[in-house]
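Structure file target32.cif; described as mmCIF, C-alpha atoms.
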```cif
data_query
loop_
_atom_site.label_atom_id
_atom_site.label_comp_id
_atom_site.auth_asym_id
_atom_site.auth_seq_id
_atom_site.Cartn_x
_atom_site.Cartn_y
_atom_site.Cartn_z
CA MET A 1 -320.45 -27.92 183.52
CA THR A 2 -318.41 -29.31 186.41
CA GLY A 3 -315.67 -31.86 186.12
CA SER A 4 -317.92 -34.61 187.53
CA ASP A 5 -320.52 -33.97 184.82
CA ALA A 6 -318.07 -34.14 181.94
CA SER A 7 -318.33 -37.07 179.56
CA PRO A 8 -315.24 -38.80 178.11
CA ALA A 9 -315.69 -36.75 174.92
CA ASP A 10 -315.62 -33.55 176.93
CA THR A 11 -312.31 -34.42 178.59
CA SER A 12 -310.50 -35.42 175.39
CA PRO A 13 -307.74 -33.08 174.16
CA SER A 14 -308.89 -30.24 171.96
CA PRO A 15 -308.10 -30.72 168.25
CA SER A 16 -304.75 -29.45 167.02
CA SER A 17 -304.63 -26.37 164.82
CA PHE A 18 -302.79 -25.43 161.64
CA ARG A 19 -301.09 -22.03 161.46
CA LEU A 20 -300.54 -20.60 158.00
CA ALA A 21 -298.53 -17.46 157.28
CA TYR A 22 -299.04 -15.50 154.06
CA VAL A 23 -297.23 -12.56 152.51
CA PRO A 24 -298.99 -9.54 150.98
CA GLY A 25 -300.64 -10.43 147.68
CA ALA A 26 -300.87 -14.17 148.39
CA THR A 27 -304.48 -15.34 148.41
CA PRO A 28 -305.10 -18.38 150.63
CA ALA A 29 -308.91 -18.05 150.67
CA LYS A 30 -309.68 -20.91 148.23
CA TRP A 31 -307.40 -23.35 150.03
CA VAL A 32 -308.71 -22.31 153.45
CA ARG A 33 -312.26 -23.05 152.27
CA ILE A 34 -311.25 -26.54 151.12
CA TRP A 35 -309.45 -27.12 154.43
CA LYS A 36 -312.62 -26.28 156.38
CA GLU A 37 -314.62 -28.72 154.26
CA ARG A 38 -312.15 -31.57 154.69
CA LEU A 39 -310.98 -30.98 158.25
CA PRO A 40 -313.79 -29.12 160.03
CA ASP A 41 -312.48 -30.14 163.45
CA VAL A 42 -308.99 -28.70 162.90
CA PRO A 43 -308.89 -24.88 163.10
CA LEU A 44 -306.77 -23.09 160.51
CA THR A 45 -305.45 -19.70 161.61
CA LEU A 46 -304.01 -17.15 159.18
CA HIS A 47 -301.00 -14.98 160.03
CA ALA A 48 -300.25 -11.97 157.80
CA VAL A 49 -296.48 -11.40 157.58
CA THR A 50 -294.15 -9.29 155.49
CA PRO A 51 -291.77 -11.06 153.08
CA ALA A 52 -288.92 -10.26 155.50
CA GLU A 53 -290.80 -11.83 158.45
CA ALA A 54 -292.05 -14.97 156.70
CA PHE A 55 -288.95 -17.16 156.91
CA GLY A 56 -288.22 -16.18 160.50
CA ALA A 57 -291.75 -17.18 161.51
CA LEU A 58 -291.24 -20.61 159.92
CA ARG A 59 -287.89 -21.15 161.63
CA GLU A 60 -289.15 -19.99 165.02
CA GLY A 61 -292.15 -22.31 164.85
CA THR A 62 -294.74 -19.57 165.26
CA VAL A 63 -296.41 -20.92 162.09
CA ASP A 64 -296.52 -24.40 160.56
CA ALA A 65 -296.26 -23.35 156.91
CA GLY A 66 -296.36 -20.20 154.84
CA LEU A 67 -297.31 -18.83 151.44
CA VAL A 68 -294.10 -17.01 150.56
CA ARG A 69 -292.32 -15.56 147.56
CA LEU A 70 -289.36 -17.40 146.08
CA PRO A 71 -286.48 -17.79 146.46
CA VAL A 72 -286.64 -19.50 149.84
CA ASP A 73 -284.02 -18.23 152.25
CA GLY A 74 -281.80 -21.17 153.29
CA GLU A 75 -281.68 -24.96 152.97
CA ASP A 76 -283.52 -25.56 156.24
CA LEU A 77 -286.85 -24.70 154.58
CA SER A 78 -288.68 -26.79 151.98
CA ALA A 79 -290.88 -25.24 149.32
CA ILE A 80 -293.34 -26.15 146.58
CA PRO A 81 -293.78 -23.53 143.82
CA LEU A 82 -297.48 -22.82 143.32
CA TYR A 83 -297.84 -20.17 140.63
CA THR A 84 -296.05 -17.33 138.85
CA GLU A 85 -297.49 -13.83 138.87
CA THR A 86 -297.67 -11.35 136.03
CA THR A 87 -295.57 -8.24 136.62
CA VAL A 88 -297.30 -4.90 136.05
CA VAL A 89 -296.36 -1.23 136.11
CA VAL A 90 -298.52 1.04 138.28
CA VAL A 91 -299.09 4.52 136.84
CA PRO A 92 -301.51 7.45 137.25
CA LYS A 93 -304.67 7.09 135.16
CA ASP A 94 -303.67 10.02 132.95
CA HIS A 95 -300.23 8.55 132.20
CA LEU A 96 -299.29 7.73 128.59
CA PHE A 97 -298.98 4.04 129.51
CA ALA A 98 -302.69 3.92 130.40
CA ALA A 99 -303.51 4.04 126.68
CA VAL A 100 -301.74 0.73 125.88
CA GLU A 101 -302.18 -2.89 127.00
CA GLU A 102 -298.52 -3.82 127.51
CA VAL A 103 -295.35 -1.98 128.43
CA SER A 104 -291.81 -3.28 127.93
CA ALA A 105 -288.75 -2.73 130.10
CA ASP A 106 -287.33 -0.53 127.32
CA ASP A 107 -290.41 1.71 127.53
CA LEU A 108 -289.40 2.58 131.10
CA ALA A 109 -286.02 3.94 130.09
CA GLU A 110 -286.98 7.59 130.62
CA GLU A 111 -289.28 6.95 133.60
CA LEU A 112 -288.39 7.40 137.26
CA VAL A 113 -288.96 3.85 138.54
CA LEU A 114 -289.50 3.48 142.27
CA HIS A 115 -287.77 0.53 143.94
CA PRO A 116 -289.11 -0.01 147.50
CA LEU A 117 -287.05 -1.79 150.12
CA ASP A 118 -289.61 -4.60 150.33
CA ASP A 119 -289.46 -5.23 146.56
CA THR A 120 -290.15 -8.88 145.69
CA LEU A 121 -289.03 -9.06 142.04
CA GLY A 122 -285.31 -9.56 142.62
CA TRP A 123 -284.00 -7.19 139.97
CA GLU A 124 -280.39 -7.51 138.84
CA GLN A 125 -280.76 -3.99 137.49
CA PRO A 126 -284.13 -2.22 137.84
CA PRO A 127 -285.23 -0.51 134.60
CA GLY A 128 -285.64 3.23 134.15
CA ARG A 129 -284.09 6.05 136.15
CA PRO A 130 -283.59 5.32 139.88
CA ALA A 131 -285.10 7.59 142.54
CA MET A 132 -282.81 9.48 144.89
CA GLU A 133 -284.13 7.42 147.83
CA ARG A 134 -285.86 4.06 147.98
CA PRO A 135 -289.34 4.06 149.57
CA GLU A 136 -289.59 2.00 152.74
CA THR A 137 -292.54 -0.11 151.58
CA THR A 138 -294.64 -0.85 148.51
CA ALA A 139 -297.48 1.10 150.12
CA ASP A 140 -295.19 4.14 150.39
CA ALA A 141 -294.23 3.76 146.73
CA ILE A 142 -297.89 3.64 145.72
CA GLU A 143 -298.43 6.96 147.48
CA LEU A 144 -295.56 8.49 145.52
CA VAL A 145 -296.97 7.21 142.22
CA ALA A 146 -300.32 8.80 143.10
CA ALA A 147 -298.47 12.06 143.76
CA GLY A 148 -296.94 11.92 140.29
CA VAL A 149 -293.47 10.93 141.49
CA GLY A 150 -292.45 8.02 139.28
CA VAL A 151 -293.95 4.65 138.41
CA LEU A 152 -293.77 1.29 140.17
CA ALA A 153 -293.26 -2.30 138.95
CA VAL A 154 -294.86 -4.96 141.16
CA PRO A 155 -296.55 -8.38 140.98
CA GLN A 156 -300.15 -7.96 139.84
CA SER A 157 -301.57 -9.11 143.18
CA LEU A 158 -299.83 -6.20 144.94
CA ALA A 159 -301.22 -3.73 142.41
CA ARG A 160 -304.68 -5.07 143.21
CA LEU A 161 -304.02 -5.03 146.94
CA HIS A 162 -303.06 -1.34 146.81
CA HIS A 163 -305.74 -0.34 144.30
CA ARG A 164 -306.62 3.34 144.11
CA LYS A 165 -309.19 5.06 141.89
CA ASP A 166 -306.59 7.50 140.60
CA LEU A 167 -304.13 4.77 139.56
CA THR A 168 -304.12 1.96 137.02
CA TYR A 169 -301.65 -0.71 135.93
CA ARG A 170 -300.51 -2.39 132.72
CA THR A 171 -298.72 -5.66 132.02
CA LEU A 172 -294.94 -5.26 132.03
CA VAL A 173 -293.06 -7.66 129.75
CA GLY A 174 -289.39 -8.60 129.59
CA VAL A 175 -288.87 -8.24 133.35
CA PRO A 176 -288.58 -10.63 136.34
CA GLN A 177 -291.73 -12.26 137.69
CA SER A 178 -292.61 -13.24 141.24
CA ARG A 179 -293.30 -16.87 142.16
CA VAL A 180 -295.46 -17.81 145.14
CA ALA A 181 -294.67 -21.03 146.99
CA LEU A 182 -295.77 -23.04 150.01
CA SER A 183 -292.87 -23.38 152.47
CA TRP A 184 -292.33 -25.24 155.74
CA PRO A 185 -289.35 -26.31 157.91
CA THR A 186 -287.39 -29.13 156.31
CA ALA A 187 -287.81 -32.54 157.94
CA ASP A 188 -287.44 -36.20 156.95
CA GLU A 189 -291.22 -36.32 156.65
CA ALA A 190 -293.63 -33.37 156.58
CA PRO A 191 -295.95 -33.20 159.63
CA ASP A 192 -299.44 -34.63 159.09
CA LEU A 193 -301.23 -31.28 158.89
CA VAL A 194 -298.60 -29.82 156.57
CA GLU A 195 -299.03 -32.86 154.33
CA GLU A 196 -302.77 -32.27 154.36
CA PHE A 197 -302.30 -28.70 153.18
CA ILE A 198 -299.79 -29.79 150.53
CA GLY A 199 -302.47 -32.12 149.18
CA ILE A 200 -304.97 -29.28 149.04
CA VAL A 201 -302.72 -26.81 147.21
CA ARG A 202 -301.68 -29.53 144.77
CA GLY A 203 -305.31 -30.27 143.97
CA ARG A 204 -305.45 -33.80 145.34
CA THR A 205 -308.89 -35.21 145.99
CA VAL A 206 -309.94 -36.42 149.42
CA ASN A 207 -309.20 -40.05 148.47
CA SER A 208 -305.81 -39.27 146.96
CA THR A 209 -304.59 -36.98 149.76
CA ARG A 210 -301.74 -38.69 151.61
CA GLY A 211 -302.28 -37.04 154.96
CA ARG A 212 -303.32 -38.66 158.21
CA ARG A 213 -306.98 -37.69 157.86
CA ALA A 214 -307.27 -39.33 154.45
CA GLU A 215 -305.87 -42.57 155.87
CA GLU A 216 -308.34 -42.42 158.75
CA LYS A 217 -311.25 -41.90 156.37
CA LYS A 218 -310.14 -44.80 154.20
CA GLY A 219 -309.98 -46.99 157.28
CA GLN A 220 -313.51 -45.98 158.24
CA LYS A 221 -315.04 -46.50 154.80
CA GLN A 222 -313.58 -49.91 153.99
CA PRO A 223 -315.60 -52.03 156.50
CA ARG A 224 -318.88 -50.47 155.33
CA GLU A 225 -318.04 -51.26 151.71
CA GLN A 226 -317.27 -54.84 152.60
CA ARG A 227 -320.54 -55.23 154.51
CA ALA A 228 -322.49 -53.74 151.64
CA ALA A 229 -320.91 -56.19 149.20
CA LYS A 230 -321.68 -59.38 151.18
CA PRO A 231 -325.40 -59.70 150.30
CA ALA A 232 -324.57 -59.48 146.58
CA ARG A 233 -322.05 -62.34 146.85
CA ALA A 234 -324.40 -64.51 148.87
CA GLY A 235 -327.25 -64.20 146.38
CA LYS A 236 -329.76 -62.91 148.93
CA PRO A 237 -332.93 -61.17 147.73
CA GLY A 238 -332.14 -57.75 146.34
CA GLY A 239 -328.45 -58.60 146.13
CA GLY A 240 -328.37 -59.41 142.40
CA SER A 241 -327.13 -62.59 140.70
CA ARG A 242 -323.99 -64.26 141.95
CA THR A 243 -322.32 -64.59 138.57
CA ALA A 244 -322.70 -62.16 135.73
CA GLY A 245 -324.41 -63.60 132.65
CA ARG A 246 -325.84 -66.76 134.40
CA PRO A 247 -329.51 -67.35 133.42
CA SER A 248 -332.07 -66.52 136.10
CA ALA A 249 -334.22 -69.30 137.50
CA SER A 250 -337.33 -67.17 137.04
CA ARG A 251 -337.09 -67.13 133.24
CA LYS A 252 -339.26 -69.50 131.18
CA GLY A 253 -337.28 -72.41 129.91
CA GLY A 254 -334.45 -71.38 132.15
CA GLY A 255 -335.22 -73.38 135.33
CA THR A 256 -332.58 -75.39 137.11
CA SER A 257 -332.48 -79.07 137.94
CA GLY A 258 -330.73 -80.48 140.98
CA ARG A 259 -327.94 -78.52 142.62
CA SER A 260 -325.81 -77.91 139.61
CA GLY A 261 -327.65 -74.74 138.68
CA LYS A 262 -327.50 -75.76 134.99
CA PRO A 263 -330.43 -74.61 132.82
CA ARG A 264 -332.94 -77.27 131.64
CA ARG A 265 -333.09 -77.89 127.95
CA GLY A 266 -336.03 -76.00 126.52
CA ARG A 267 -338.55 -77.37 124.09
CA GLY A 268 -337.56 -77.61 120.50
#
```

I need this file expressed as structure tokens, please.
Amino acid sequence: MTGSDASPADTSPSPSSFRLAYVPGATPAKWVRIWKERLPDVPLTLHAVTPAEAFGALREGTVDAGLVRLPVDGEDLSAIPLYTETTVVVVPKDHLFAAVEEVSADDLAEELVLHPLDDTLGWEQPPGRPAMERPETTADAIELVAAGVGVLAVPQSLARLHHRKDLTYRTLVGVPQSRVALSWPTADEAPDLVEEFIGIVRGRTVNSTRGRRAEEKKGQKQPREQRAAKPARAGKPGGGSRTAGRPSASRKGGGTSGRSGKPRRGRG
């Protein structure tokens, strides 16, 4: 299509987009689906980042918001906690722990517990015996567990993410837990699209969402509601009675006289 053939709609600016970062284990799929239903004309792009990269991406403006793990690094970023994850211990399937449902921190006392550099649990003092060297990543630690070199404590979502047939995991109690949050650069007022996503993750309905799109939809719906209500108030056919409980003129003994609309007195 040439420029001369373009209609005004064709020359309008393309819709803005929303860029969402997410760290390993965070699952934005449900919220992305709701976004597409509510804002089909605004693309949402996902950006996978490591926990170390997440806050830099927010500060540099390469993403608009991010699903991160708390604590948030610095006062220049706002955050809303979303949920807390169960901590689990990943072990080989033939490990003694595989026979129980829960493991405590004390149970790890004699175990070699791997502590990768990208750990997200924020231990003051990791349980068990420390390894000579810390694995670079959680994925590296998983490989060591599969090789029979120690066990690994992680949020449950990471155990699922790195699932292997030769490994299993059990709930680990009495240890730190990881919290996932939505974060964005601090401002006097969150940008419209960030506010839209906040509404989605907080479970607001379309009508209760405080974002720009919700206000636009309210503004579009109100005139139609008013037009639909007018026939009912005017008493036109099919519009219903003007006042609830007033006798209808079509009932026997209920006719009206004059303009007052008062019912005639029926026969004794």

* **Residue with smallest distance to Asp41 of chain A - pool A:Gly61, A:Leu193, A:Ser17, A:Ala29, counting all atoms listed in the file** =>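 Among A:Gly61, A:Leu193, A:Ser17, A:Ala29, it is A:Ser17 that comes nearest to Asp41 of chain A.
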
* To do: Figure out the distance between atom CA of Gly66 of chain A and atom CA of Asn207 of chain A, please, to one decimal in Å.
  =>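 Going from atom CA of Asn207 of chain A over to atom CA of Gly66 of chain A covers 24.5 Å.
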
* **A:Ala153, A:Val49, A:Ile34, A:Ala98 ranked by distance to Ile200 of chain A, top pick (using all atoms listed in the file)** =>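 Checking each of A:Ala153, A:Val49, A:Ile34, A:Ala98 against Ile200 of chain A, counting all atoms listed in the file, the winner is A:Ile34.
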
* Find, counting all atoms listed in the file, the residue in A:Ala79, A:Val201, A:Glu136, A:Glu196 that gets nearest to Phe18 of chain A. =>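 Ranking A:Ala79, A:Val201, A:Glu136, A:Glu196 by distance to Phe18 of chain A, first place goes to A:Glu196.
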
* To do: Could you list the residues chosen by the PyMOL selection byres ((chain A and resi 163-178) around 10) in this structure as a PyMOL selection string?
  => chain A and resi 69-71+83-95+97-108+120-124+126-127+142-143+145-147+151-162+179-181

* Asked: Which residues, written as a list in words, have at least one atom at most 10 Å from Leu20 of chain A, with all atoms listed in the file counted and residues fewer than 2 positions away on the same chain left out?
  -> Ser17, Phe18, Tyr22, Pro28, Val32, Leu44, Thr45, Leu46, His47, Ala48, Leu58, Thr62, Val63, Asp64, Ala65, Gly66, Leu67, Leu182, Ser183, Trp184, Val194 and Phe197 of chain A

* Mind pulling up the distance from atom CA of Val23 of chain A to atom CA of Pro51 of chain A? ->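 So the answer is 5.7 Å.
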
* Asked: In Å, with one decimal, what is the gap from atom CA of Pro130 of chain A to atom CA of Glu110 of chain A?
  ->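 According to the coordinates, atom CA of Pro130 of chain A and atom CA of Glu110 of chain A are separated by 10.1 Å.
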
* Could you tell me which of A:Arg129, A:Arg19, A:Arg204, A:Lys30 comes closest to Pro43 of chain A if we count all atoms listed in the file? => A:Arg19

* To do: Kindly indicate which residue among A:Ala26, A:Asp118, A:Glu37, A:Val42 lies nearest to Asp192 of chain A, using all atoms listed in the file for the distances.
  =>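 Of A:Ala26, A:Asp118, A:Glu37, A:Val42, the one nearest Asp192 of chain A is A:Val42, counting all atoms listed in the file.
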
* Compare A:Thr27, A:Ser16, A:Leu82, A:Asp76 by their minimum atom-to-atom distance to Gly203 of chain A, counting all atoms listed in the file, and give me the closest one. => A:Leu82
